[in-house]
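Enquirer: entry_18.pdb is reproduced in full below (PDB, C-alpha atoms).
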```pdb
ATOM      1  CA  MET A   1      11.453 -22.667  -9.777
ATOM      2  CA  ILE A   2      12.925 -21.442 -13.016
ATOM      3  CA  GLY A   3      14.429 -18.276 -14.279
ATOM      4  CA  ILE A   4      13.285 -16.624 -17.469
ATOM      5  CA  GLY A   5      15.521 -14.285 -19.371
ATOM      6  CA  GLU A   6      19.173 -14.234 -20.181
ATOM      7  CA  SER A   7      20.143 -15.191 -16.671
ATOM      8  CA  GLU A   8      18.266 -16.069 -13.572
ATOM      9  CA  ALA A   9      19.859 -13.154 -11.751
ATOM     10  CA  GLY A  10      18.404 -10.644 -14.171
ATOM     11  CA  GLY A  11      15.374 -12.682 -15.070
ATOM     12  CA  VAL A  12      11.951 -13.409 -13.733
ATOM     13  CA  LEU A  13      11.178 -16.070 -11.180
ATOM     14  CA  VAL A  14       7.873 -17.872 -11.535
ATOM     15  CA  PRO A  15       6.778 -21.432 -10.771
ATOM     16  CA  PRO A  16       7.387 -23.718 -13.769
ATOM     17  CA  GLY A  17       3.803 -23.819 -15.005
ATOM     18  CA  PHE A  18       3.744 -20.089 -15.644
ATOM     19  CA  ARG A  19       6.902 -19.620 -17.661
ATOM     20  CA  ASP A  20       5.003 -19.198 -20.904
ATOM     21  CA  ARG A  21       2.765 -16.499 -19.471
ATOM     22  CA  VAL A  22       5.633 -14.050 -19.056
ATOM     23  CA  LYS A  23       8.325 -15.255 -21.435
ATOM     24  CA  GLU A  24       7.694 -12.384 -23.842
ATOM     25  CA  CYS A  25       8.292  -9.706 -21.203
ATOM     26  CA  THR A  26      11.443  -8.439 -19.564
ATOM     27  CA  PRO A  27      11.675  -7.570 -15.859
ATOM     28  CA  GLU A  28      11.807  -3.904 -16.842
ATOM     29  CA  GLN A  29       8.621  -4.181 -18.893
ATOM     30  CA  LEU A  30       6.842  -6.058 -16.135
ATOM     31  CA  THR A  31       7.840  -3.478 -13.547
ATOM     32  CA  LYS A  32       6.757  -0.575 -15.707
ATOM     33  CA  ASP A  33       3.623  -1.993 -17.330
ATOM     34  CA  LYS A  34       2.517  -4.228 -14.451
ATOM     35  CA  ARG A  35       1.314  -6.692 -17.045
ATOM     36  CA  CYS A  36       2.607  -9.004 -19.773
ATOM     37  CA  GLU A  37       0.431  -8.770 -22.831
ATOM     38  CA  ASP A  38      -3.086  -9.223 -21.426
ATOM     39  CA  LEU A  39      -2.095 -10.713 -18.065
ATOM     40  CA  PRO A  40      -1.795  -8.375 -15.040
ATOM     41  CA  VAL A  41       1.482  -9.069 -13.239
ATOM     42  CA  MET A  42       2.447  -8.106  -9.705
ATOM     43  CA  VAL A  43       6.204  -7.754  -9.499
ATOM     44  CA  PHE A  44       8.075  -8.352  -6.261
ATOM     45  CA  ASP A  45      11.582  -7.002  -6.703
ATOM     46  CA  ALA A  46      13.979  -8.841  -4.427
ATOM     47  CA  GLY A  47      16.291  -5.862  -4.691
ATOM     48  CA  ARG A  48      13.719  -3.773  -2.836
ATOM     49  CA  MET A  49      11.860  -6.449  -0.890
ATOM     50  CA  PRO A  50      14.370  -9.275  -0.338
ATOM     51  CA  TYR A  51      12.598 -10.983   2.540
ATOM     52  CA  ILE A  52       9.147 -10.704   1.000
ATOM     53  CA  ALA A  53      10.548 -12.135  -2.240
ATOM     54  CA  ARG A  54      12.091 -14.934  -0.194
ATOM     55  CA  HIS A  55       8.747 -15.607   1.439
ATOM     56  CA  VAL A  56       6.898 -15.664  -1.873
ATOM     57  CA  THR A  57       9.287 -18.131  -3.479
ATOM     58  CA  MET A  58       9.231 -20.371  -0.399
ATOM     59  CA  ALA A  59       5.440 -20.277  -0.409
ATOM     60  CA  TRP A  60       5.431 -21.335  -4.052
ATOM     61  CA  GLN A  61       7.708 -24.216  -3.216
ATOM     62  CA  ALA A  62       5.282 -25.210  -0.454
ATOM     63  CA  GLY A  63       2.460 -25.361  -2.971
ATOM     64  CA  GLN A  64       0.930 -21.888  -2.775
ATOM     65  CA  LEU A  65      -0.222 -20.470  -6.090
ATOM     66  CA  ALA A  66       1.419 -17.804  -8.227
ATOM     67  CA  LEU A  67      -1.714 -17.094 -10.261
ATOM     68  CA  LEU A  68      -4.057 -15.287  -7.888
ATOM     69  CA  HIS A  69      -7.448 -13.633  -8.234
ATOM     70  CA  ARG A  70      -8.450 -10.335  -6.792
ATOM     71  CA  ALA A  71     -10.813 -10.681  -3.856
ATOM     72  CA  GLU A  72     -13.829  -8.472  -3.410
ATOM     73  CA  LYS A  73     -12.724  -5.078  -2.222
ATOM     74  CA  GLY A  74     -12.987  -4.831   1.516
ATOM     75  CA  THR A  75     -12.374  -8.491   2.291
ATOM     76  CA  GLY A  76      -8.651  -8.064   2.793
ATOM     77  CA  GLY A  77      -9.021  -7.219   6.456
ATOM     78  CA  THR A  78     -10.829 -10.458   7.169
ATOM     79  CA  ASN A  79      -8.324 -12.521   5.206
ATOM     80  CA  ARG A  80      -5.477 -10.754   6.947
ATOM     81  CA  SER A  81      -6.804 -11.545  10.385
ATOM     82  CA  LEU A  82      -7.186 -15.209   9.445
ATOM     83  CA  ALA A  83      -3.546 -15.543   8.394
ATOM     84  CA  CYS A  84      -1.607 -12.945  10.353
ATOM     85  CA  THR A  85      -3.555 -13.494  13.546
ATOM     86  CA  GLY A  86      -3.035 -11.350  16.619
ATOM     87  CA  PRO A  87      -0.854 -13.984  18.348
ATOM     88  CA  ARG A  88       1.153 -14.537  15.141
ATOM     89  CA  LYS A  89       1.809 -10.803  14.846
ATOM     90  CA  GLN A  90       2.779 -10.636  18.486
ATOM     91  CA  GLU A  91       5.194 -13.505  18.006
ATOM     92  CA  MET A  92       6.891 -11.712  15.101
ATOM     93  CA  LYS A  93       7.241  -8.259  16.663
ATOM     94  CA  PRO A  94       8.991  -5.967  15.975
ATOM     95  CA  ALA A  95       9.018  -7.491  12.479
ATOM     96  CA  SER A  96       5.938  -7.322  10.282
ATOM     97  CA  CYS A  97       3.804 -10.366   9.523
ATOM     98  CA  ASP A  98       3.739 -11.012   5.795
ATOM     99  CA  GLU A  99       1.242 -13.388   4.265
ATOM    100  CA  TYR A 100       1.142 -15.165   0.952
ATOM    101  CA  PRO A 101      -1.139 -15.468  -0.983
ATOM    102  CA  LEU A 102      -2.035 -11.833  -0.502
ATOM    103  CA  ALA A 103      -4.931 -11.008   1.790
ATOM    104  CA  SER A 104      -6.488  -9.033  -1.041
ATOM    105  CA  SER A 105      -6.646 -12.148  -3.225
ATOM    106  CA  LEU A 106      -9.321 -14.841  -3.244
ATOM    107  CA  GLU A 107      -6.590 -17.332  -2.374
ATOM    108  CA  GLY A 108      -5.588 -15.401   0.761
ATOM    109  CA  GLY A 109      -6.791 -15.895   4.300
ATOM    110  CA  ALA A 110      -6.777 -19.097   6.340
ATOM    111  CA  GLY A 111      -4.056 -21.414   5.120
ATOM    112  CA  ALA A 112      -1.834 -18.646   3.787
ATOM    113  CA  SER A 113       1.871 -18.835   4.509
ATOM    114  CA  THR A 114       3.186 -16.282   7.001
ATOM    115  CA  GLN A 115       6.711 -15.055   7.645
ATOM    116  CA  ALA A 116       8.362 -12.194   9.497
ATOM    117  CA  VAL A 117       9.657  -9.405   7.243
ATOM    118  CA  PRO A 118      11.034  -5.899   7.844
ATOM    119  CA  GLY A 119       8.325  -3.278   8.243
ATOM    120  CA  GLY A 120       9.852  -1.170   5.481
ATOM    121  CA  GLU A 121       9.409  -3.984   2.980
ATOM    122  CA  GLN A 122       5.758  -4.163   3.953
ATOM    123  CA  PHE A 123       5.424  -0.484   3.040
ATOM    124  CA  ILE A 124       6.987  -1.069  -0.372
ATOM    125  CA  GLN A 125       4.754  -4.072  -1.007
ATOM    126  CA  GLY A 126       1.678  -1.988  -0.189
ATOM    127  CA  GLY A 127       2.640   0.506  -2.852
ATOM    128  CA  VAL A 128       3.175  -2.235  -5.412
ATOM    129  CA  VAL A 129      -0.166  -3.880  -4.638
ATOM    130  CA  ASN A 130      -2.006  -0.575  -4.773
ATOM    131  CA  SER A 131      -0.603   0.529  -8.105
ATOM    132  CA  THR A 132      -0.834  -2.923  -9.745
ATOM    133  CA  TYR A 133      -4.540  -3.251  -8.979
ATOM    134  CA  GLN A 134      -5.300   0.266 -10.100
ATOM    135  CA  LYS A 135      -3.150   0.274 -13.221
ATOM    136  CA  ASN A 136      -4.888  -2.894 -14.414
ATOM    137  CA  ASN A 137      -8.318  -1.676 -13.288
ATOM    138  CA  MET A 138      -8.783  -4.999 -11.566
ATOM    139  CA  LYS A 139     -12.190  -6.182 -10.465
ATOM    140  CA  THR A 140     -13.258  -9.009  -8.181
ATOM    141  CA  GLY A 141     -12.183 -12.346  -9.634
ATOM    142  CA  ASP A 142      -9.676 -10.917 -12.117
ATOM    143  CA  GLU A 143      -6.526 -13.016 -12.284
ATOM    144  CA  PHE A 144      -3.002 -11.750 -11.842
ATOM    145  CA  LEU A 145       0.364 -13.437 -11.772
ATOM    146  CA  VAL A 146       2.890 -12.845  -8.999
ATOM    147  CA  VAL A 147       6.518 -12.877 -10.142
ATOM    148  CA  VAL A 148       9.839 -12.174  -8.462
ATOM    149  CA  ILE A 149      12.655 -10.309 -10.148
ATOM    150  CA  ASN A 150      16.271  -9.900  -9.100
ATOM    151  CA  GLY A 151      16.119 -13.322  -7.538
ATOM    152  CA  ASP A 152      19.847 -13.217  -6.808
ATOM    153  CA  LYS A 153      19.065 -10.697  -4.054
ATOM    154  CA  ILE A 154      16.963 -13.167  -2.083
ATOM    155  CA  PRO A 155      18.664 -13.811   1.261
ATOM    156  CA  GLN A 156      19.536 -17.317   2.349
ATOM    157  CA  GLU A 157      18.499 -16.788   5.941
ATOM    158  CA  ALA A 158      15.134 -15.829   7.381
ATOM    159  CA  TYR A 159      14.681 -12.306   8.715
ATOM    160  CA  LYS A 160      15.653 -12.144  12.362
ATOM    161  CA  GLY A 161      14.499  -8.639  13.183
TER     162      GLY A 161
ATOM    163  CA  MET B   1     -14.894  21.596  10.857
ATOM    164  CA  LEU B   2     -14.933  17.832  10.742
ATOM    165  CA  ILE B   3     -15.870  16.772   7.217
ATOM    166  CA  ALA B   4     -15.416  13.026   7.480
ATOM    167  CA  ARG B   5     -14.253  10.441   9.968
ATOM    168  CA  LEU B   6     -13.159   7.025   8.771
ATOM    169  CA  PRO B   7     -12.051   3.980  10.690
ATOM    170  CA  ILE B   8      -9.403   2.322   8.521
ATOM    171  CA  PHE B   9      -8.025  -1.162   8.992
ATOM    172  CA  PRO B  10      -4.501  -0.716   7.576
ATOM    173  CA  ALA B  11      -3.015  -3.080   5.027
ATOM    174  CA  HIS B  12       0.705  -3.512   4.491
ATOM    175  CA  SER B  13       1.088  -1.380   7.633
ATOM    176  CA  GLN B  14      -0.104   1.771   5.938
ATOM    177  CA  VAL B  15      -2.964   4.003   4.909
ATOM    178  CA  ALA B  16      -3.173   5.592   1.453
ATOM    179  CA  ILE B  17      -4.559   9.106   1.135
ATOM    180  CA  GLY B  18      -5.030  10.572  -2.313
ATOM    181  CA  ASP B  19      -6.771  10.566  -5.657
ATOM    182  CA  TYR B  20      -7.197   7.184  -7.334
ATOM    183  CA  ALA B  21      -8.210   8.796 -10.610
ATOM    184  CA  THR B  22      -4.614   9.864 -11.111
ATOM    185  CA  ASP B  23      -1.990   7.785 -12.905
ATOM    186  CA  PRO B  24      -0.723   4.945 -10.671
ATOM    187  CA  ASP B  25       2.687   5.357 -12.279
ATOM    188  CA  THR B  26       2.957   8.658 -10.435
ATOM    189  CA  TRP B  27       2.155   7.239  -7.017
ATOM    190  CA  PRO B  28       4.862   7.075  -4.370
ATOM    191  CA  GLU B  29       7.435   4.334  -4.201
ATOM    192  CA  TRP B  30       8.805   3.959  -0.735
ATOM    193  CA  THR B  31      12.494   4.828  -0.467
ATOM    194  CA  ASP B  32      14.760   4.331   2.543
ATOM    195  CA  ASP B  33      14.330   8.015   3.394
ATOM    196  CA  ASP B  34      10.554   7.682   3.143
ATOM    197  CA  ILE B  35      10.590   4.684   5.433
ATOM    198  CA  ALA B  36      12.663   6.612   7.950
ATOM    199  CA  GLN B  37      10.369   9.639   7.895
ATOM    200  CA  GLY B  38       7.212   7.533   8.047
ATOM    201  CA  PHE B  39       5.471   8.618   4.883
ATOM    202  CA  ALA B  40       5.894   8.565   1.128
ATOM    203  CA  VAL B  41       4.414  11.251  -1.052
ATOM    204  CA  SER B  42       3.851  11.958  -4.724
ATOM    205  CA  SER B  43       1.910  14.673  -6.502
ATOM    206  CA  SER B  44      -1.463  13.080  -5.751
ATOM    207  CA  MET B  45      -0.982  10.447  -3.069
ATOM    208  CA  VAL B  46       0.453  10.063   0.416
ATOM    209  CA  TYR B  47       1.172   6.744   2.077
ATOM    210  CA  VAL B  48       1.319   6.977   5.859
ATOM    211  CA  GLY B  49       3.418   4.232   7.414
ATOM    212  CA  LEU B  50       2.227   2.544  10.594
ATOM    213  CA  THR B  51       3.216  -0.656  12.310
ATOM    214  CA  ASP B  52       1.756  -4.098  11.994
ATOM    215  CA  ARG B  53      -1.494  -3.742  13.872
ATOM    216  CA  SER B  54      -4.754  -5.581  14.232
ATOM    217  CA  ASP B  55      -7.033  -2.667  14.982
ATOM    218  CA  PHE B  56      -8.367   0.403  13.277
ATOM    219  CA  VAL B  57      -6.809   3.777  12.977
ATOM    220  CA  THR B  58      -9.105   6.763  12.685
ATOM    221  CA  VAL B  59      -8.620   9.213   9.853
ATOM    222  CA  ASP B  60     -10.382  12.567  10.062
ATOM    223  CA  VAL B  61     -10.760  15.064   7.240
ATOM    224  CA  ARG B  62     -11.084  18.695   8.319
ATOM    225  CA  ASP B  63     -11.057  22.099   6.745
ATOM    226  CA  GLY B  64      -8.859  24.848   8.176
ATOM    227  CA  ASN B  65      -5.428  24.473   9.720
ATOM    228  CA  PRO B  66      -4.049  22.262  12.469
ATOM    229  CA  GLY B  67      -4.168  23.609  15.975
ATOM    230  CA  HIS B  68      -1.105  24.758  17.869
ATOM    231  CA  GLY B  69       1.001  21.842  19.003
ATOM    232  CA  GLU B  70      -0.387  19.279  16.607
ATOM    233  CA  ILE B  71       2.232  16.933  15.204
ATOM    234  CA  VAL B  72       2.591  17.654  11.500
ATOM    235  CA  LEU B  73       3.658  14.692   9.397
ATOM    236  CA  PHE B  74       3.262  16.308   5.984
ATOM    237  CA  ASP B  75       2.684  19.894   4.902
ATOM    238  CA  GLY B  76       2.525  20.425   1.168
ATOM    239  CA  THR B  77       0.353  20.361  -1.901
ATOM    240  CA  LEU B  78      -1.498  17.461  -3.446
ATOM    241  CA  ARG B  79      -3.136  17.426  -6.857
ATOM    242  CA  LEU B  80      -6.628  16.132  -6.144
ATOM    243  CA  GLY B  81     -10.020  15.968  -7.773
ATOM    244  CA  ALA B  82     -11.449  13.655  -5.145
ATOM    245  CA  LEU B  83     -10.048  12.169  -1.975
ATOM    246  CA  THR B  84      -9.873   8.493  -1.158
ATOM    247  CA  ILE B  85      -8.650   7.268   2.202
ATOM    248  CA  ALA B  86      -8.102   3.526   2.394
ATOM    249  CA  ALA B  87      -5.724   0.714   3.030
ATOM    250  CA  PRO B  88      -3.779  -0.031  -0.163
ATOM    251  CA  GLY B  89      -5.584  -2.439  -2.449
ATOM    252  CA  THR B  90      -8.911  -2.272  -0.635
ATOM    253  CA  THR B  91     -11.090   0.419  -2.182
ATOM    254  CA  THR B  92     -10.802   3.364  -4.504
ATOM    255  CA  LEU B  93     -14.104   4.989  -3.564
ATOM    256  CA  PRO B  94     -13.716   8.684  -2.747
ATOM    257  CA  VAL B  95     -14.880  10.060   0.563
ATOM    258  CA  LEU B  96     -14.757  13.676  -0.568
ATOM    259  CA  ALA B  97     -15.220  15.409  -3.907
ATOM    260  CA  LEU B  98     -12.963  18.449  -4.086
ATOM    261  CA  SER B  99     -13.125  19.656  -7.662
ATOM    262  CA  GLY B 100     -14.364  18.406 -11.006
ATOM    263  CA  THR B 101     -10.865  18.018 -12.318
ATOM    264  CA  ALA B 102      -7.687  17.589 -10.349
ATOM    265  CA  ALA B 103      -6.380  20.785  -8.812
ATOM    266  CA  GLU B 104      -3.676  21.775  -6.351
ATOM    267  CA  TRP B 105      -4.860  21.613  -2.750
ATOM    268  CA  LYS B 106      -2.729  22.623   0.172
ATOM    269  CA  THR B 107      -2.774  19.611   2.449
ATOM    270  CA  VAL B 108      -1.536  19.130   5.987
ATOM    271  CA  LEU B 109      -1.413  15.731   7.669
ATOM    272  CA  THR B 110      -1.135  15.448  11.422
ATOM    273  CA  VAL B 111      -0.787  12.414  13.645
ATOM    274  CA  ASN B 112      -1.480  11.851  17.302
ATOM    275  CA  ASP B 113       2.004  10.619  18.205
ATOM    276  CA  ARG B 114       5.551  10.891  16.901
ATOM    277  CA  GLU B 115       6.162   7.184  17.413
ATOM    278  CA  ARG B 116       4.925   5.165  14.453
ATOM    279  CA  GLU B 117       3.723   2.347  16.674
ATOM    280  CA  ASN B 118       1.511   4.732  18.622
ATOM    281  CA  ILE B 119      -0.225   6.369  15.665
ATOM    282  CA  ARG B 120      -3.936   5.788  16.089
ATOM    283  CA  HIS B 121      -5.297   8.991  14.651
ATOM    284  CA  ILE B 122      -4.457  10.786  11.413
ATOM    285  CA  THR B 123      -6.029  14.080  10.416
ATOM    286  CA  VAL B 124      -6.072  15.481   6.895
ATOM    287  CA  TYR B 125      -6.454  19.262   6.837
ATOM    288  CA  PHE B 126      -7.488  21.246   3.768
ATOM    289  CA  PRO B 127      -6.947  24.907   4.728
ATOM    290  CA  GLU B 128      -8.464  26.156   1.468
ATOM    291  CA  TYR B 129     -11.642  24.183   1.995
ATOM    292  CA  ALA B 130     -12.611  26.359   4.924
ATOM    293  CA  ASP B 131     -15.507  28.707   4.226
ATOM    294  CA  PRO B 132     -15.177  31.984   6.156
ATOM    295  CA  ASP B 133     -18.908  32.557   5.929
ATOM    296  CA  MET B 134     -19.827  29.322   7.617
ATOM    297  CA  PRO B 135     -20.604  29.330  11.349
ATOM    298  CA  ASP B 136     -17.330  27.591  12.073
ATOM    299  CA  GLY B 137     -15.354  30.093   9.978
ATOM    300  CA  ALA B 138     -12.411  32.086  11.150
ATOM    301  CA  TRP B 139     -14.590  34.956  12.385
ATOM    302  CA  MET B 140     -15.716  32.658  15.187
ATOM    303  CA  ASP B 141     -12.215  32.838  16.620
ATOM    304  CA  ILE B 142     -12.363  36.628  17.083
TER     305      ILE B 142
END
```
Can you present the structure in this file as structure tokens?
Expert:
Amino acid sequence: MIGIGESEAGGVLVPPGFRDRVKECTPEQLTKDKRCEDLPVMVFDAGRMPYIARHVTMAWQAGQLALLHRAEKGTGGTNRSLACTGPRKQEMKPASCDEYPLASSLEGGAGASTQAVPGGEQFIQGGVVNSTYQKNNMKTGDEFLVVVINGDKIPQEAYKG
Amino acid sequence: MLIARLPIFPAHSQVAIGDYATDPDTWPEWTDDDIAQGFAVSSSMVYVGLTDRSDFVTVDVRDGNPGHGEIVLFDGTLRLGALTIAAPGTTTLPVLALSGTAAEWKTVLTVNDRERENIRHITVYFPEYADPDMPDGAWMDI
């Protein structure tokens, strides 16, 4: 994992292979524009979603991809049930089951990483996903890069509920 | 009058109700207060927060006003041209055309239970959509 920008704390976290795809854009630009040049970017702000950001970076380290592709609309529910299964959700209650890659991506579904996160972070993530897809007018198969900002806010410990 | 009934499989523990033709930059961003109250609202979109569930919630769209005793989650105005009800990131297809261009619509959202984990039914009321000349108009209540 590397930081891009003046410091890792204020920079952008992406897996090493994607540094060049966002090096021209600041965290502020990425958050506002939801893209860097012609690449749609989904920004997970660890200041607002610390445990989801933690999950995403851990999933990257475990080999999950940062460059995802939008799945056909309507397939998210199926993907979600393959990753955050009923028993898995039950096990995590009252926390929310987060999955990465996103259920609404072609890479989501069976084999996705799952972790318990606060329900409020799940709400925030939903808003980010919704607006990123719409702002970039994304269609099935369109690629987008997931990045994390404010990486210094990522907690060391897993969410315990 | 029931205008539409949709079974929605929530994503990110929420359902989005609003107009996807509006600028995404204006859509709600959940704050701590929003999370506490169970919904986030902007000029053209409402996110209703639920819990992590594996089944559908039912969302009804009705004209008129909520009945006495219904639990009101949101009572305000949304700027809408068409209404989409969906889990975030799933579809943008409208279920109801309201006006050719976005206009202010009084909107009331009710839920079946005050506890977030028990919400299974959301109703969207558009009081101004009611037609007094229709058989289900207000004169029927006389």
Enquirer: Suppose a student applies the PyMOL selection byres ((chain B) within 6 of (chain A)) to this structure; what residues should they get, written as a list in words?
Expert: His12, Pro24, Trp30, Ile35, Asp52, Pro88, Gly89, Thr90 and Thr91 of chain B
Enquirer: Let's have the selection written as a PDB file, keeping the file's coordinate frame, with C-alpha atoms.
Expert:
```
ATOM      1  CA  HIS B  12       0.705  -3.512   4.491  1.00  0.00           C
ATOM      2  CA  PRO B  24      -0.723   4.945 -10.671  1.00  0.00           C
ATOM      3  CA  TRP B  30       8.805   3.959  -0.735  1.00  0.00           C
ATOM      4  CA  ILE B  35      10.590   4.684   5.433  1.00  0.00           C
ATOM      5  CA  ASP B  52       1.756  -4.098  11.994  1.00  0.00           C
ATOM      6  CA  PRO B  88      -3.779  -0.031  -0.163  1.00  0.00           C
ATOM      7  CA  GLY B  89      -5.584  -2.439  -2.449  1.00  0.00           C
ATOM      8  CA  THR B  90      -8.911  -2.272  -0.635  1.00  0.00           C
ATOM      9  CA  THR B  91     -11.090   0.419  -2.182  1.00  0.00           C
TER      10      THR B  91
END
```
Enquirer: Apply the PyMOL selection byres ((chain B and resi 118-130) around 7) to the file shown and report the selected residues as a list in words.
Expert: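 Applied to this file, the PyMOL selection byres ((chain B and resi 118-130) around 7) selects Leu50, Val57, Thr58, Val59, Asp60, Val61, Arg62, Asp63, Gly64, Asn65, Pro66, Lys106, Thr107, Val108, Leu109, Thr110, Val111, Asn112, Asp113, Glu115, Arg116, Glu117, Asp131, Pro132 and Gly137 of chain B.
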Enquirer: Report the distance between atom CA of B:Pro94 and atom CA of B:Gly18 in Å, rounded to one decimal place.
Expert: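 Atom-to-atom, atom CA of B:Pro94 and atom CA of B:Gly18 are spaced 8.9 Å apart.
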Enquirer: Mind pulling up the distance from atom CA of B:Ala4 to atom CA of B:Val95?
Expert: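 Separating atom CA of B:Val95 from atom CA of B:Ala4 is a distance of 7.5 Å.
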Enquirer: Applied to this file, what does the PyMOL selection byres ((chain B and resi 76-86) around 7) return in terms of residues, put as a VMD selection string?
Expert: chain B and resid 8 15 to 20 43 to 44 74 to 75 87 to 88 90 to 108
